[in-house]
Structure formats: structure tokens, C-alpha cells
Amino acid sequence: MRGPGGAAEPGGSERPADDAGGKQQVLDARLLPAALVCWLVTIAAVGSGWVAGAGAAIGLAVVALVSWMLLWMGIAARGERYRVVVTTVLGAAVLGAGFGLAGAWREYQVSTHPLRGVPDEASVHVVITPGDDPKPVRGSGSGRGRLWVVRAELREFRYRDSVLRAGGAVVVLAAGPRWGELIPGQSIEFRARTAPPRQHDLTVVTLRPVGAPAPAGPLPWWQALAAGVRSDLSTVAEAALEPEAAGLLPALVVGDTSGLSDQLHEDFVASGLQHLCVVSGANFSILMTVALAVTRMLTCGPRMSFVVTGAALVFFVIIARPDPSVLRAAAMGSVTLLALITGRRRQALPALCAAVIGLLLIWPELAVQAGFALSVLATGALLLLAPSWADYLRDRGWWRLPAELVAVAAAAFVVTTPITIALSGQLSLVAVAANILVAPVIAPITVLGATAAVVATCWYPLAELILRATGPPLWWLLTVATEAAAVPGAVITVPGGAPGGLSAALLVAAGIPALRLPGVRRLVLAVALGVLAAYLLRTRWFPG
């Protein structure tokens, strides 16, 4: 949609998209209802119990039956619009019913797991396989007293005289440096006390160890490869960079936050840059774009380019750990890259919806994880909102690069704000500005860091030389994060939880379409300037 003078209006995912040939096409949203229904019914099954999931599946089965009867009776043949609507509803209901039954079955298996029958605080001997690197509990101290969270897959457990081989996800909450040194894929055994899971995410129990872990199996070759590359990267970074930069680089490149100090982590959270310290779709998009550029420079054909890019994708997944969160990021990054390469936003939304459906089919627990929602919403904003917002700014005389930087940062911030508020009850007022300022250095850091990680496996001096080139970009990133976090009032407290998140979501849902109206834009600008003036008066000129 266009505003006065033919300028593109911000906020419209309905804005016609240009395909590679320049022809305008509307977005294909036929798969969107199915993705939303599958997501919601999986949330019901995983978060509320298998009874809720089964009930939702039965309800959707009834809707599917009614839709099929309408098609069979020819009522939907009154027009093309009727047929498309009924067919879309039928497909969404059928998929949703299947996902509801699958989610209910998975939740039923967890609720009836033998380990759930063990009394709380009972001592059991378990064998587990960690699926991800141990995560430190921020603010829990350091050294022997520091707490670690380990997500793992249960292999077997022994309670009293019974030994049962049973799978299922478990969470280990342990203290001590040895728990922070665990390697994903390396099976371990130890004694622990059981406790109910803290979240409804298909976790069987929480385990609190009462003894040290001991190896219980060989380490898979791919996990050994990943551990070696990550260790080499950390070693080279410590030799080539300042301490803070050396701890930050592995977090930016492969998601290794073990070297990140608590203070720096708090600064990144306050400045709205914490998403950079986890493996995201942006990492995959950047690296796959570089791989494609290299193949094109070498005049490789389409098949060879596809093979090289796919190999780069698989290799990075292995290095970053092939857990659900990394595979989710790989899927989101692939969707973003597909839209950027083809220039066809029409295909971007169906690809995103298909990725959501596929990920939930394999890992239904993602439906209730905040990281999954943030990733999907941010990817959707980059594909649907950011291009039209950038076009609007360019029609107002902005240069292309600043227009795209502002549009991307603002779109991602707006759509993820409701979840951030619901989780933390806080809102970073400097997040958009901080993300705009650091955006130009993220790609160089990622590419140089990934290159150094590969080179370090065979030649440390060259890897150190490569990492020295990341010094200035890392300095800029650290400076922006610390200075933005130090701004008075950088983070404000707002009502959190479900009410706060829902209120913010309603405001965003109403605000994006309303921004198409010139009067609303002027009002929002006036309010923003008034708030900024009051903020400066309170914090700068008349503090306290």
C-alpha cells in the first residue's frame, strides 16, 4: 500500500512484492493458517497436557469433516474465493488434528514415564547424553559454587534394584567446574535426586546430582570434531585478542558463551544485543551468502554452488552443535537466504511456514520455547515488514543502506517486544539504536571468526592473524553494548507476564496497520519527541 505521493507505507505485509522479473505479486499466505494452527495445537498439547491436545485434535477433526462435506456438496463451488477459503480451512484442520494427536501422544508418554513414578528427592543412578553445551546460571557465582544447566537425553536409570532403559528429555542442575566441562554427545553416569520439571516442555524430570559425572560411552566423531574446533577457536582468540573480546568472539561465531563475563552479558541484555550471543539465522545467512559468493567468483555451476553451500551449512551446524535450537536457526537462515537470493518475497512466507511445520513435527517441544517464537517472528519481520519499511524510507529520500539498517532493526524489535516483555517485564529503549550501530560489523566478525575457526585446526599463526582483523569490529561492538547499557533509563520496567505480553501484542497488532495513516504517524512522532524531551529533562538536566 502507498501513502500520499505514492510513497510506500510502513507496516504492510500486504504490500505487493516484486519477483525476480519485476512483476508485482501479492504474498502467498495459504500455508499461514496451517502453520498457526499446528503451532497453537502443539502448544495446547505440550503446555496444557495430553487431554487438551486430544480435545483440540477432535475439534479440528470435526472442522475438517464439515469442510470436506462443504466441498463434496458443491457449496464451496459458488466461487473461487469460497473454494480457496474452504480448502485452506480443510488443510489447516487436517494438519492441526494430526499435530494435536502427535503432541498429545508425546505428552502422554512423558506423563507416564517410569522416572515420573519415582518419588521426589529419591536417589537414582542415571545414564544420560548431553545434547547441548552446559549453560551457566548467571548470578550464581563462580568456580565451584557456580550452577550449570545441562539439557540431556536419558538413556537408562536404576532405582533400588530395578534398571530401566528409557528415553526422554531431562534437565540437570549441578554445581562445580566439572559440570561446565561436559561435551555434548558424551554419555555420562552419576547419582542424582529427582525433582519435578520446572517447565511444561516435554521434560521428564529435573536431576540434581549428588556425585561427580563419569564417562559412560564413546564420544561421536562429529561431536569430537566440533569440540576440537571450538577449543581451537577459544585458544586462538585468547592469544590474539583482549580478554573481553576473546570471550565474546566464540559467542558471536558459534554460540559458546562460556567465556562471557556476567557483567558483559548484562550489558548485552540491557542494550538489546543479547540475540547476538546465540547461534541465529543471521549466522547461517551470512556464511551461506559468502559460500555462494565464492562459488560464483569461481564460476561454479548451480549444482556445485548448491553442494558447496549445503556443505558449509552442515559443517557449521556440526560446529555450533546440532541441537534443536541450532537446527531451528539453520532453517530460519535458509528461508531468509532463499528470499534474498531469489528476490521473491512471495515464496518467502510459504517457506517460513513450511519450516515452522517441519520443525514442530520433529521437535514439538519447540512450540513452547521463547527462542523459537522469537526466531520465527524476527524472520517474518525481516522478510515481510522490513522491505516495505525500507522502501518507505527510501521514497522519503533516505539512502539505501541506512534505510535498510533502520527498517531491519525496527521491524525485529517491534515484533519481538511482546515476548520480551512477557518474559522479563523489561523494555530496552536503546535496543533499536544499538542494533543499528553494530549491524555493519556483525558480518565481518562472523566471516572472519568462522574462517579462523577452520584455519586454527591446522595452523595457529595464520588463525591469530585473521582474528587480529576482528579487533576493531569487536571493540566497536563492545563499546556500543557498554555505552548503551550505561545510558540512564536504558531499560524500563513494565508489566510483565501474560497480561503485559498480551497488551504489548495487541498494541503492536493495532499499531503496524495504523502507521499507514499520516495522522497517526504524526501523532506517534509527536509523542516520541515529547517522551524523549521529558526523559532528557529528568535524567540529564534535572536528575532525581
# chains A, B, ... in the order shown; residues from 1 in each chain; ligands from 1

$ select_by_dssp --residues "segment 41-221 of chain A" --states "strand (DSSP E)" --output "ChimeraX atom specification"
/A:123-130,135-136,147-159,162-165,169-175,188-195,203-209,214-215

$ write_last_selection --atoms "C-alpha atoms" --output "JSON list (two decimals), in the first residue's frame"
[["chain", "number", "residue", "atom", "x", "y", "z"],
["A", 123, "SER", "CA", 18.17, -41.07, 44.75],
["A", 124, "VAL", "CA", 18.61, -42.71, 41.34],
["A", 125, "HIS", "CA", 21.58, -43.73, 39.22],
["A", 126, "VAL", "CA", 21.20, -42.35, 35.69],
["A", 127, "VAL", "CA", 22.97, -42.54, 32.35],
["A", 128, "ILE", "CA", 22.37, -39.52, 30.13],
["A", 129, "THR", "CA", 23.73, -37.98, 26.93],
["A", 130, "PRO", "CA", 24.02, -34.17, 26.96],
["A", 135, "LYS", "CA", 24.83, -23.22, 30.28],
["A", 136, "PRO", "CA", 25.94, -21.22, 33.33],
["A", 147, "LEU", "CA", 25.47, -23.58, 38.83],
["A", 148, "TRP", "CA", 25.19, -25.19, 35.41],
["A", 149, "VAL", "CA", 22.13, -26.26, 33.43],
["A", 150, "VAL", "CA", 22.55, -29.28, 31.17],
["A", 151, "ARG", "CA", 19.82, -30.49, 28.81],
["A", 152, "ALA", "CA", 20.23, -34.15, 28.03],
["A", 153, "GLU", "CA", 18.59, -37.32, 26.78],
["A", 154, "LEU", "CA", 18.00, -40.09, 29.30],
["A", 155, "ARG", "CA", 19.44, -43.49, 28.38],
["A", 156, "GLU", "CA", 18.72, -45.60, 31.46],
["A", 157, "PHE", "CA", 18.22, -45.26, 35.20],
["A", 158, "ARG", "CA", 18.45, -47.52, 38.22],
["A", 159, "TYR", "CA", 16.16, -47.10, 41.20],
["A", 162, "SER", "CA", 15.38, -52.05, 39.05],
["A", 163, "VAL", "CA", 17.26, -50.95, 35.91],
["A", 164, "LEU", "CA", 15.13, -49.47, 33.14],
["A", 165, "ARG", "CA", 16.21, -48.36, 29.69],
["A", 169, "ALA", "CA", 14.43, -35.32, 27.96],
["A", 170, "VAL", "CA", 15.86, -34.39, 31.36],
["A", 171, "VAL", "CA", 17.39, -31.22, 32.80],
["A", 172, "VAL", "CA", 20.42, -31.43, 35.09],
["A", 173, "LEU", "CA", 21.00, -28.61, 37.58],
["A", 174, "ALA", "CA", 24.51, -29.07, 39.01],
["A", 175, "ALA", "CA", 27.27, -27.12, 40.71],
["A", 188, "ILE", "CA", 27.86, -39.85, 31.43],
["A", 189, "GLU", "CA", 26.58, -41.56, 34.56],
["A", 190, "PHE", "CA", 26.07, -40.26, 38.10],
["A", 191, "ARG", "CA", 23.74, -40.41, 41.07],
["A", 192, "ALA", "CA", 21.10, -37.72, 41.43],
["A", 193, "ARG", "CA", 17.93, -36.74, 43.22],
["A", 194, "THR", "CA", 14.80, -36.21, 41.19],
["A", 195, "ALA", "CA", 12.58, -33.14, 41.18],
["A", 203, "THR", "CA", 10.93, -32.63, 30.11],
["A", 204, "VAL", "CA", 10.56, -35.78, 32.23],
["A", 205, "VAL", "CA", 12.30, -34.64, 35.44],
["A", 206, "THR", "CA", 14.92, -32.30, 36.82],
["A", 207, "LEU", "CA", 18.01, -34.06, 38.17],
["A", 208, "ARG", "CA", 20.18, -32.66, 41.00],
["A", 209, "PRO", "CA", 23.45, -34.64, 41.09],
["A", 214, "ALA", "CA", 31.79, -40.32, 34.96],
["A", 215, "PRO", "CA", 32.08, -41.22, 31.24]]

$ select_by_dssp --residues "segment 61-208 of chain A" --states "helix (DSSP H, G or I)" --output "MDAnalysis selection string"
chainID A and resid 61:73 75:78 80:111 114:117 143:145 177:181

$ write_last_selection --atoms "C-alpha atoms" --output "short mmCIF file (atom, residue, chain, number, x, y, z; two decimals), in the first residue's frame"
data_model
loop_
_atom_site.label_atom_id
_atom_site.label_comp_id
_atom_site.auth_asym_id
_atom_site.auth_seq_id
_atom_site.Cartn_x
_atom_site.Cartn_y
_atom_site.Cartn_z
CA ALA A 61 -11.22 -33.18 13.04
CA VAL A 62 -14.85 -32.00 13.20
CA VAL A 63 -13.92 -28.79 11.38
CA ALA A 64 -12.12 -30.82 8.72
CA LEU A 65 -15.15 -33.08 8.30
CA VAL A 66 -17.50 -30.12 7.88
CA SER A 67 -15.15 -28.50 5.35
CA TRP A 68 -14.89 -31.72 3.37
CA MET A 69 -18.68 -32.04 3.34
CA LEU A 70 -18.98 -28.48 2.00
CA LEU A 71 -16.59 -29.31 -0.80
CA TRP A 72 -18.34 -32.61 -1.55
CA MET A 73 -21.78 -30.99 -1.61
CA ILE A 75 -21.40 -25.40 -1.73
CA ALA A 76 -17.83 -24.18 -1.93
CA ALA A 77 -18.04 -24.19 -5.72
CA ARG A 78 -20.09 -20.96 -5.72
CA GLU A 80 -13.18 -19.17 -6.43
CA ARG A 81 -12.95 -17.31 -3.13
CA TYR A 82 -15.28 -19.81 -1.41
CA ARG A 83 -13.25 -22.72 -2.73
CA VAL A 84 -9.90 -21.27 -1.63
CA VAL A 85 -11.20 -20.44 1.85
CA VAL A 86 -12.79 -23.85 2.42
CA THR A 87 -9.77 -25.69 1.02
CA THR A 88 -7.42 -23.68 3.23
CA VAL A 89 -9.55 -24.39 6.30
CA LEU A 90 -9.68 -28.09 5.41
CA GLY A 91 -5.90 -28.33 5.05
CA ALA A 92 -5.24 -26.42 8.26
CA ALA A 93 -7.75 -28.53 10.20
CA VAL A 94 -6.36 -31.83 8.92
CA LEU A 95 -2.77 -30.85 9.72
CA GLY A 96 -3.79 -29.39 13.07
CA ALA A 97 -5.66 -32.55 14.06
CA GLY A 98 -2.62 -34.66 13.22
CA PHE A 99 -0.31 -32.37 15.19
CA GLY A 100 -2.74 -32.39 18.11
CA LEU A 101 -2.76 -36.17 18.25
CA ALA A 102 1.02 -36.37 17.87
CA GLY A 103 1.59 -33.79 20.59
CA ALA A 104 -0.92 -35.48 22.88
CA TRP A 105 0.82 -38.82 22.41
CA ARG A 106 4.25 -37.33 23.17
CA GLU A 107 2.92 -35.60 26.28
CA TYR A 108 1.17 -38.80 27.40
CA GLN A 109 4.45 -40.70 27.08
CA VAL A 110 6.19 -38.10 29.24
CA SER A 111 3.45 -38.01 31.88
CA PRO A 114 8.71 -44.58 34.69
CA LEU A 115 11.00 -41.91 36.13
CA ARG A 116 7.96 -39.75 36.87
CA GLY A 117 6.80 -42.52 39.20
CA GLY A 143 34.26 -21.55 40.48
CA ARG A 144 32.95 -24.49 42.48
CA GLY A 145 29.79 -22.71 43.51
CA PRO A 177 33.52 -26.85 37.40
CA ARG A 178 33.40 -30.43 36.11
CA TRP A 179 29.80 -29.97 35.00
CA GLY A 180 30.79 -26.98 32.90
CA GLU A 181 33.31 -29.14 31.01
#

$ closest_atom_pairs --of "segment 297-324 of chain A" --to "segment 228-249 of chain A" --cutoff "12 Å" --atoms "only C-alpha atoms" --output "Markdown table"
| residue | atom | partner | partner_atom | distance |
| --- | --- | --- | --- | --- |
| A:Phe315 | CA | A:Val229 | CA | 11.0 |
| A:Phe316 | CA | A:Val229 | CA | 10.6 |
| A:Ile318 | CA | A:Val229 | CA | 10.1 |
| A:Ile319 | CA | A:Val229 | CA | 7.0 |
| A:Ala320 | CA | A:Arg230 | CA | 8.4 |
| A:Arg321 | CA | A:Arg230 | CA | 10.2 |

$ closest_residue --among "A:Met288, A:Leu507, A:Ala407, A:Val253" --to "Leu467 of chain A" --atoms "only C-alpha atoms"
A:Val253

$ residues_around --residues "Ser428 of chain A" --least-positions-apart "5" --cutoff "7 Å" --atoms "only C-alpha atoms" --output "CSV table (one decimal) with C-alpha atoms, in the first residue's frame"
chain,number,residue,atom,x,y,z
A,270,ALA,CA,20.3,-4.0,28.6
A,271,SER,CA,21.4,-2.8,25.2
A,272,GLY,CA,19.1,-5.3,23.4
A,490,ALA,CA,18.2,2.4,29.0
A,491,VAL,CA,15.9,-0.3,30.4
A,492,ILE,CA,12.5,0.4,31.9

$ atom_distance --atom1 "atom CA of Leu32 of chain A" --atom2 "atom CA of Thr420 of chain A"
23.3 Å

$ residues_around --residues "Leu327 of chain A" --least-positions-apart "4" --cutoff "10 Å" --atoms "only C-alpha atoms" --output "MDAnalysis selection string"
chainID A and resid 279:281 314 317:318 320:323 331:333 359

$ write_last_selection --atoms "N, CA, C and O atoms" --output "PDB file, in the first residue's frame"
ATOM      1  N   VAL A 279      23.562 -18.695  18.467  1.00  0.00           N
ATOM      2  CA  VAL A 279      23.545 -19.009  17.042  1.00  0.00           C
ATOM      3  C   VAL A 279      22.148 -18.722  16.498  1.00  0.00           C
ATOM      4  O   VAL A 279      21.157 -19.268  16.989  1.00  0.00           O
ATOM      5  N   SER A 280      22.078 -17.848  15.520  1.00  0.00           N
ATOM      6  CA  SER A 280      20.790 -17.425  14.977  1.00  0.00           C
ATOM      7  C   SER A 280      20.771 -17.628  13.471  1.00  0.00           C
ATOM      8  O   SER A 280      21.784 -17.999  12.852  1.00  0.00           O
ATOM      9  N   GLY A 281      19.620 -17.356  12.892  1.00  0.00           N
ATOM     10  CA  GLY A 281      19.513 -17.458  11.445  1.00  0.00           C
ATOM     11  C   GLY A 281      20.440 -16.508  10.719  1.00  0.00           C
ATOM     12  O   GLY A 281      20.869 -16.784   9.589  1.00  0.00           O
ATOM     13  N   VAL A 314      26.027 -27.686   6.656  1.00  0.00           N
ATOM     14  CA  VAL A 314      26.166 -28.873   7.506  1.00  0.00           C
ATOM     15  C   VAL A 314      27.362 -28.732   8.438  1.00  0.00           C
ATOM     16  O   VAL A 314      27.284 -29.051   9.638  1.00  0.00           O
ATOM     17  N   VAL A 317      26.550 -26.350  11.239  1.00  0.00           N
ATOM     18  CA  VAL A 317      25.618 -26.978  12.178  1.00  0.00           C
ATOM     19  C   VAL A 317      26.379 -27.889  13.137  1.00  0.00           C
ATOM     20  O   VAL A 317      26.118 -27.903  14.346  1.00  0.00           O
ATOM     21  N   ILE A 318      27.345 -28.651  12.608  1.00  0.00           N
ATOM     22  CA  ILE A 318      28.129 -29.549  13.452  1.00  0.00           C
ATOM     23  C   ILE A 318      28.955 -28.753  14.459  1.00  0.00           C
ATOM     24  O   ILE A 318      29.004 -29.085  15.652  1.00  0.00           O
ATOM     25  N   ALA A 320      28.445 -25.702  15.588  1.00  0.00           N
ATOM     26  CA  ALA A 320      27.593 -24.986  16.544  1.00  0.00           C
ATOM     27  C   ALA A 320      26.767 -25.927  17.411  1.00  0.00           C
ATOM     28  O   ALA A 320      26.016 -25.459  18.255  1.00  0.00           O
ATOM     29  N   ARG A 321      26.885 -27.224  17.222  1.00  0.00           N
ATOM     30  CA  ARG A 321      26.156 -28.277  17.929  1.00  0.00           C
ATOM     31  C   ARG A 321      24.784 -28.495  17.272  1.00  0.00           C
ATOM     32  O   ARG A 321      23.957 -27.582  17.222  1.00  0.00           O
ATOM     33  N   PRO A 322      24.527 -29.707  16.756  1.00  0.00           N
ATOM     34  CA  PRO A 322      23.253 -29.969  16.075  1.00  0.00           C
ATOM     35  C   PRO A 322      22.100 -30.242  17.039  1.00  0.00           C
ATOM     36  O   PRO A 322      21.488 -31.304  17.027  1.00  0.00           O
ATOM     37  N   ASP A 323      21.796 -29.255  17.893  1.00  0.00           N
ATOM     38  CA  ASP A 323      20.640 -29.397  18.769  1.00  0.00           C
ATOM     39  C   ASP A 323      19.451 -28.678  18.135  1.00  0.00           C
ATOM     40  O   ASP A 323      19.597 -27.975  17.131  1.00  0.00           O
ATOM     41  N   ALA A 331      17.256 -23.449   9.756  1.00  0.00           N
ATOM     42  CA  ALA A 331      16.057 -23.368   8.926  1.00  0.00           C
ATOM     43  C   ALA A 331      15.659 -21.921   8.673  1.00  0.00           C
ATOM     44  O   ALA A 331      15.345 -21.531   7.542  1.00  0.00           O
ATOM     45  N   MET A 332      15.683 -21.086   9.724  1.00  0.00           N
ATOM     46  CA  MET A 332      15.319 -19.682   9.552  1.00  0.00           C
ATOM     47  C   MET A 332      16.317 -18.960   8.646  1.00  0.00           C
ATOM     48  O   MET A 332      15.936 -18.150   7.794  1.00  0.00           O
ATOM     49  N   GLY A 333      17.601 -19.262   8.815  1.00  0.00           N
ATOM     50  CA  GLY A 333      18.609 -18.640   7.967  1.00  0.00           C
ATOM     51  C   GLY A 333      18.467 -19.053   6.514  1.00  0.00           C
ATOM     52  O   GLY A 333      18.647 -18.238   5.599  1.00  0.00           O
ATOM     53  N   LEU A 359       9.733 -28.162  11.658  1.00  0.00           N
ATOM     54  CA  LEU A 359      10.434 -28.166  12.937  1.00  0.00           C
ATOM     55  C   LEU A 359       9.531 -28.666  14.067  1.00  0.00           C
ATOM     56  O   LEU A 359       9.963 -29.430  14.935  1.00  0.00           O
TER      57      LEU A 359
END

$ closest_atom_pairs --of "segment 453-483 of chain A" --to "segment 429-445 of chain A" --cutoff "9 Å" --atoms "only C-alpha atoms" --output "JSON lines"
{"residue": "A:Leu467", "atom": "CA", "partner": "A:Ile445", "partner_atom": "CA", "distance": 8.7}
{"residue": "A:Ala469", "atom": "CA", "partner": "A:Ile445", "partner_atom": "CA", "distance": 8.7}
{"residue": "A:Thr470", "atom": "CA", "partner": "A:Ile445", "partner_atom": "CA", "distance": 5.8}
{"residue": "A:Gly471", "atom": "CA", "partner": "A:Ile445", "partner_atom": "CA", "distance": 9.0}
{"residue": "A:Pro473", "atom": "CA", "partner": "A:Val441", "partner_atom": "CA", "distance": 5.5}
{"residue": "A:Leu474", "atom": "CA", "partner": "A:Ile445", "partner_atom": "CA", "distance": 7.3}
{"residue": "A:Trp476", "atom": "CA", "partner": "A:Val438", "partner_atom": "CA", "distance": 7.4}
{"residue": "A:Leu477", "atom": "CA", "partner": "A:Val438", "partner_atom": "CA", "distance": 5.8}
{"residue": "A:Val480", "atom": "CA", "partner": "A:Ala434", "partner_atom": "CA", "distance": 6.4}
{"residue": "A:Ala481", "atom": "CA", "partner": "A:Ala434", "partner_atom": "CA", "distance": 7.1}

$ write_last_selection --atoms "C-alpha atoms" --output "PDB file, in the first residue's frame"
ATOM      1  CA  LEU A 467      41.459 -12.831  14.305  1.00  0.00           C
ATOM      2  CA  ALA A 469      41.487  -8.205  11.973  1.00  0.00           C
ATOM      3  CA  THR A 470      38.371  -8.660  14.120  1.00  0.00           C
ATOM      4  CA  GLY A 471      39.846  -6.452  16.861  1.00  0.00           C
ATOM      5  CA  PRO A 473      34.903  -4.501  14.914  1.00  0.00           C
ATOM      6  CA  LEU A 474      34.827  -6.260  18.284  1.00  0.00           C
ATOM      7  CA  TRP A 476      33.133  -1.181  18.370  1.00  0.00           C
ATOM      8  CA  LEU A 477      30.591  -3.826  19.358  1.00  0.00           C
ATOM      9  CA  VAL A 480      28.236   0.193  21.809  1.00  0.00           C
ATOM     10  CA  ALA A 481      26.996  -2.501  24.210  1.00  0.00           C
TER      11      ALA A 481
END

$ residues_around --residues "Glu266 of chain A" --least-positions-apart "5" --cutoff "12 Å" --atoms "only C-alpha atoms" --output "number ranges by chain"
A: 138-139, 260-261, 271-274, 277, 481-482, 484-486, 491

$ write_last_selection --atoms "N, CA and C atoms" --output "mmCIF file, in the first residue's frame"
data_model
loop_
_atom_site.group_PDB
_atom_site.id
_atom_site.type_symbol
_atom_site.label_atom_id
_atom_site.label_comp_id
_atom_site.auth_asym_id
_atom_site.auth_seq_id
_atom_site.Cartn_x
_atom_site.Cartn_y
_atom_site.Cartn_z
ATOM 1 N N ARG A 138 23.470 -17.407 35.320
ATOM 2 C CA ARG A 138 24.044 -16.095 35.588
ATOM 3 C C ARG A 138 23.688 -15.633 36.994
ATOM 4 N N GLY A 139 24.679 -15.113 37.702
ATOM 5 C CA GLY A 139 24.462 -14.629 39.053
ATOM 6 C C GLY A 139 24.592 -15.685 40.116
ATOM 7 N N LEU A 260 32.042 -15.608 28.421
ATOM 8 C CA LEU A 260 31.382 -14.309 28.538
ATOM 9 C C LEU A 260 31.168 -13.987 30.015
ATOM 10 N N SER A 261 31.677 -12.846 30.456
ATOM 11 C CA SER A 261 31.525 -12.465 31.859
ATOM 12 C C SER A 261 30.085 -12.089 32.166
ATOM 13 N N SER A 271 21.298 -3.535 26.456
ATOM 14 C CA SER A 271 21.371 -2.817 25.185
ATOM 15 C C SER A 271 20.590 -3.494 24.068
ATOM 16 N N GLY A 272 19.933 -4.616 24.364
ATOM 17 C CA GLY A 272 19.132 -5.301 23.353
ATOM 18 C C GLY A 272 19.956 -6.065 22.337
ATOM 19 N N LEU A 273 21.189 -6.433 22.693
ATOM 20 C CA LEU A 273 22.079 -7.140 21.773
ATOM 21 C C LEU A 273 22.305 -8.591 22.176
ATOM 22 N N GLN A 274 21.520 -9.096 23.149
ATOM 23 C CA GLN A 274 21.768 -10.450 23.634
ATOM 24 C C GLN A 274 21.535 -11.504 22.561
ATOM 25 N N CYS A 277 24.568 -13.251 20.903
ATOM 26 C CA CYS A 277 25.388 -14.221 21.632
ATOM 27 C C CYS A 277 24.846 -15.637 21.535
ATOM 28 N N ALA A 481 27.745 -1.753 23.192
ATOM 29 C CA ALA A 481 26.996 -2.501 24.210
ATOM 30 C C ALA A 481 27.160 -1.863 25.586
ATOM 31 N N THR A 482 28.388 -1.541 25.964
ATOM 32 C CA THR A 482 28.622 -0.993 27.301
ATOM 33 C C THR A 482 28.088 0.432 27.430
ATOM 34 N N ALA A 484 25.666 1.856 25.604
ATOM 35 C CA ALA A 484 24.210 1.846 25.541
ATOM 36 C C ALA A 484 23.610 1.367 26.861
ATOM 37 N N ALA A 485 24.229 0.360 27.472
ATOM 38 C CA ALA A 485 23.726 -0.142 28.753
ATOM 39 C C ALA A 485 23.893 0.889 29.858
ATOM 40 N N ALA A 486 24.902 1.785 29.714
ATOM 41 C CA ALA A 486 25.163 2.785 30.745
ATOM 42 C C ALA A 486 24.280 4.019 30.635
ATOM 43 N N VAL A 491 16.891 0.789 30.272
ATOM 44 C CA VAL A 491 15.906 -0.283 30.434
ATOM 45 C C VAL A 491 14.839 0.192 31.409
#

$ residues_around --residues "Ala35 of chain A" --least-positions-apart "3" --cutoff "8 Å" --atoms "only C-alpha atoms" --output "VMD selection string"
chain A and resid 31 to 32 38 to 39 92 353 to 354 356 to 357

$ closest_residue --among "A:Gly497, A:Val408, A:Pro196, A:Gly185" --to "Gly217 of chain A" --atoms "only C-alpha atoms"
A:Gly185

$ closest_residue --among "A:Ala534, A:Leu423, A:Ala122, A:Ile512" --to "Ala498 of chain A" --atoms "only C-alpha atoms"
A:Leu423
